[in-house]
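Peer 1: Please read through the structure below; I'll follow up with questions.
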Amino acid sequence: MSSFSSSFLFFFLSLFFFPCLSQSLRGVLIDCGASVDSVFNEQKWVSDTGFISAGTPKNLTVQVLDSTLSTVRTFPLQNNVFKKFCYQVPVYRGGKYLVRTTYFYGGVNGNLNPPVFDQIVDGTFWSPVNTTEDYWHGMSSYYEGFFMAVGKTMSVCLAANSLTDSDPFISALELVLVSDSLYNSTDFTTYALSLIARSSFGNNGSIIRYPDDEFDRYWEPYGQHSPAASVSRVSVSGIWNHPPAKVFQTRFTISQLEPMELLWPPAPLPNATYYIALYFAEDQDSFSGRAFNISINDILFYPNLSVAPAGMVVFANQWLLNGNTKITLTPLVGSSIGPLINAGEVFEVLPVGGKTHTRDVIALERLKESFKNPLPDWNGDPCLPPQYPWTGVTCAGGPRIRVITLNLTSMGLLGSISPSISRLTALSGLWLGNNSLTGSIPDLSSLSNLEILHLEDNQLSGEIPPSLGNVKSLNEIFLHNNNLTGNVPSSLLGNPKLNLRTTPGNPLLSQPPK
């Protein structure tokens, strides 16, 4: 049973003109697991080695027609549940991107069925990935969404969840910059769109895509309906979602003056909010007073639609659906011919997950750069989605997402501690003990909330910064088993509430009297 809330409804009849972009894809097509670039369907596909360092490239042993499906990159499941592995793709900040992930399992993990796992864009949980049904029908699976770039890179991540039983994998990743006019009634600073269905009605042929669709959206044929018809002459222009002219060459229609019902999308939908766009165009040779009402699940969606040869789209920004969806086109009194429909799109509306506070992201990135062997899941947003933070990172929500503890104890880390760690000003606990870190202890006096500092069992050298005594919140400092020199600062010795450990180890450090 679907439901409706008027506060979430916005619909509009689009007849405005927006200039099209040039007929060339602007973005990057990534062949995951491939070692060299290639050309397929007249498009250049690049190897994924420049976009990710984690995972293992593999070749499938089964034959495929699409060369981009012949390789995959897999990511280890063991000890990595709820840890994400991310592609980092350069983008234009503020640009709107079509993001498409493609999956073909090919038995690469040795299991009969492909694994189920999650996909994430920046800090937004996108969807579960379940390709089992398609795989058993010998088909690949793709997921498509529209996201706004919030920085100079966009992260597209895979992550094992509690149901994942073998290594997550991916065959291809595409990011295409699209026109600002596409789906422009959606506020992409607040929402993203995840494709449920995009259909060319009455089409019994192949998928309509680039170059017919300038952004390489897939319009799948949906011809299993008795009143399908072909149209020889259409002249569509000016629809701001830029549907390809080819989708207006077929349609569902009836000549009788009676309601036409369409069960679409074909699969039941979970209870959620959806963006719905329905496309119509009249044949130039038969333009007559065709007019009808549009209802979805018996709720009026748009009244008194008069179809014109120039084409039009009727859409709802946020429409609640649940279960099966029935679209009904009911002729108006006085209409001379039955209704028609050419194409449709349905997206789930996703709340954007936000982002970690910029200063914390920069600090962690510089800390990562100071490690010679950074943790493989330290990519994407450090805190978001909340169930997928970076290893060792704990965050607090609110208007600003901040990092409040960092625990990298016994991670086998090599390298040094970047001075930028002092920018994590919401830290209350820092544990870097039992690694192989070298260099000096940075100035941490800006960490006014720091209560616990563990740097023991490393190879740190130099003096203990006297500025640590300015951090009045500190109640525990462990520095033993390092190579520190000089004197223990008096500012630390004079704090009776501080649990300070500098021994054993540190043979050249002048220890306080017993």
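Letters A, B, ... go to the chains of the structure tokens in the order shown; residues in each chain start at 1; ligands are counted from 1 in the same order.
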Can you list every residue in stretch 288-372 of chain A that DSSP puts in alpha helix (DSSP H), as a list in words?

Peer 2: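 Selection result, alpha helix (DSSP H) within stretch 288-372 of chain A: Thr358, Arg359, Asp360, Val361, Ile362, Ala363, Leu364, Glu365, Arg366, Leu367, Lys368, Glu369 and Ser370 of chain A.
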
Peer 1: Go ahead and dump the residues you just picked, N, CA, C and O atoms, as a PDB file, in the first residue's frame.

Peer 2:
ATOM      1  N   THR A 358      36.278  19.510   7.987  1.00  0.00           N
ATOM      2  CA  THR A 358      37.389  19.595   7.043  1.00  0.00           C
ATOM      3  C   THR A 358      38.747  19.564   7.731  1.00  0.00           C
ATOM      4  O   THR A 358      39.676  18.886   7.264  1.00  0.00           O
ATOM      5  N   ARG A 359      38.891  20.273   8.843  1.00  0.00           N
ATOM      6  CA  ARG A 359      40.213  20.310   9.489  1.00  0.00           C
ATOM      7  C   ARG A 359      40.615  18.923   9.987  1.00  0.00           C
ATOM      8  O   ARG A 359      41.793  18.563   9.963  1.00  0.00           O
ATOM      9  N   ASP A 360      39.626  18.115  10.410  1.00  0.00           N
ATOM     10  CA  ASP A 360      39.938  16.760  10.862  1.00  0.00           C
ATOM     11  C   ASP A 360      40.329  15.878   9.675  1.00  0.00           C
ATOM     12  O   ASP A 360      41.240  15.045   9.788  1.00  0.00           O
ATOM     13  N   VAL A 361      39.652  16.048   8.554  1.00  0.00           N
ATOM     14  CA  VAL A 361      39.992  15.264   7.367  1.00  0.00           C
ATOM     15  C   VAL A 361      41.415  15.581   6.918  1.00  0.00           C
ATOM     16  O   VAL A 361      42.205  14.667   6.636  1.00  0.00           O
ATOM     17  N   ILE A 362      41.751  16.857   6.867  1.00  0.00           N
ATOM     18  CA  ILE A 362      43.106  17.249   6.444  1.00  0.00           C
ATOM     19  C   ILE A 362      44.152  16.694   7.404  1.00  0.00           C
ATOM     20  O   ILE A 362      45.195  16.174   6.984  1.00  0.00           O
ATOM     21  N   ALA A 363      43.865  16.780   8.697  1.00  0.00           N
ATOM     22  CA  ALA A 363      44.821  16.278   9.695  1.00  0.00           C
ATOM     23  C   ALA A 363      45.052  14.781   9.536  1.00  0.00           C
ATOM     24  O   ALA A 363      46.204  14.306   9.576  1.00  0.00           O
ATOM     25  N   LEU A 364      43.965  14.012   9.336  1.00  0.00           N
ATOM     26  CA  LEU A 364      44.119  12.571   9.192  1.00  0.00           C
ATOM     27  C   LEU A 364      44.802  12.208   7.882  1.00  0.00           C
ATOM     28  O   LEU A 364      45.583  11.246   7.822  1.00  0.00           O
ATOM     29  N   GLU A 365      44.524  12.962   6.821  1.00  0.00           N
ATOM     30  CA  GLU A 365      45.200  12.692   5.557  1.00  0.00           C
ATOM     31  C   GLU A 365      46.705  12.905   5.684  1.00  0.00           C
ATOM     32  O   GLU A 365      47.503  12.124   5.147  1.00  0.00           O
ATOM     33  N   ARG A 366      47.106  13.973   6.388  1.00  0.00           N
ATOM     34  CA  ARG A 366      48.547  14.229   6.556  1.00  0.00           C
ATOM     35  C   ARG A 366      49.181  13.208   7.492  1.00  0.00           C
ATOM     36  O   ARG A 366      50.339  12.815   7.302  1.00  0.00           O
ATOM     37  N   LEU A 367      48.419  12.755   8.483  1.00  0.00           N
ATOM     38  CA  LEU A 367      48.926  11.680   9.344  1.00  0.00           C
ATOM     39  C   LEU A 367      49.109  10.413   8.509  1.00  0.00           C
ATOM     40  O   LEU A 367      50.125   9.712   8.646  1.00  0.00           O
ATOM     41  N   LYS A 368      48.161  10.128   7.658  1.00  0.00           N
ATOM     42  CA  LYS A 368      48.258   8.966   6.773  1.00  0.00           C
ATOM     43  C   LYS A 368      49.513   9.060   5.903  1.00  0.00           C
ATOM     44  O   LYS A 368      50.220   8.061   5.706  1.00  0.00           O
ATOM     45  N   GLU A 369      49.792  10.254   5.383  1.00  0.00           N
ATOM     46  CA  GLU A 369      50.974  10.441   4.535  1.00  0.00           C
ATOM     47  C   GLU A 369      52.269  10.240   5.312  1.00  0.00           C
ATOM     48  O   GLU A 369      53.290   9.862   4.725  1.00  0.00           O
ATOM     49  N   SER A 370      52.231  10.470   6.619  1.00  0.00           N
ATOM     50  CA  SER A 370      53.443  10.306   7.423  1.00  0.00           C
ATOM     51  C   SER A 370      53.712   8.847   7.779  1.00  0.00           C
ATOM     52  O   SER A 370      54.795   8.514   8.252  1.00  0.00           O
TER      53      SER A 370
END

Peer 1: Extract, using only C-alpha atoms, all DNA, RNA and protein residues at most 8 Å from A:Arg73, discarding same-chain residues fewer than 2 positions from it, and format them as a list in words.

Peer 2: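 These residues fall inside the cut-off: Cys32, Gly33, Gly55, Thr56, Pro57, Lys58, Thr71, Phe75, Phe169, Ile170 and Ser171 of chain A.
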
Peer 1: With only C-alpha atoms as the counted atoms, please give the residues lying no more than 8 Å from stretch 418-434 of chain A, apart from itself and same-chain residues fewer than 2 positions off, as a PyMOL selection string.

Peer 2: chain A and resi 359-360+363-364+366-367+370+402-412+416+436+442-458

Peer 1: Please provide as a list of chain:residue names all residues within 10 Å of A:Gly106, with the sequence filter that same-chain residues fewer than 6 positions apart are discarded (counting only C-alpha atoms).

Peer 2: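 That gives A:Asn59, A:Leu60, A:Thr61, A:Val62, A:Gln63, A:Val64, A:Leu69, A:Ser70, A:Thr71, A:Val72, A:Leu112, A:Asn113, A:Pro114, A:Tyr135, A:Gly138, A:Met139, A:Ser140.
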
Peer 1: Please produce an output containing C-alpha atoms for each residue in the selection, written as a compact mmCIF listing (two decimals), in the first residue's frame.

Peer 2:
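Everything below was put into selection34.txt:
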# COMPACT_ATOMS: atom_id res chain seq x y z
CA ASN A 59 41.11 -12.05 -14.41
CA LEU A 60 37.90 -14.00 -14.88
CA THR A 61 38.17 -17.47 -16.36
CA VAL A 62 34.74 -17.33 -18.03
CA GLN A 63 34.16 -15.83 -21.46
CA VAL A 64 32.45 -12.41 -21.63
CA LEU A 69 33.80 -7.45 -17.45
CA SER A 70 36.81 -9.73 -17.98
CA THR A 71 38.66 -8.33 -14.94
CA VAL A 72 37.63 -7.44 -11.41
CA LEU A 112 28.83 -20.67 -6.15
CA ASN A 113 27.04 -17.38 -5.45
CA PRO A 114 28.45 -13.85 -5.52
CA TYR A 135 24.41 -13.65 -12.24
CA GLY A 138 24.21 -14.90 -17.04
CA MET A 139 24.00 -11.12 -16.76
CA SER A 140 26.06 -8.38 -15.17

Peer 1: Neighbouring residues of A:Gln88 were defined as those with any atom within 8 Å, considering only C-alpha atoms; residues of the same chain fewer than 5 positions away were excluded. Please report them as number ranges by chain.

Peer 2: A: 51-52, 153-156, 379-380

Peer 1: Would you please work out which residue, of A:Asp134, A:Cys395, A:Asn161, A:Lys326, is nearest to A:Pro268 when using only C-alpha atoms?

Peer 2: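 For A:Pro268, the nearest of the candidates is A:Lys326.
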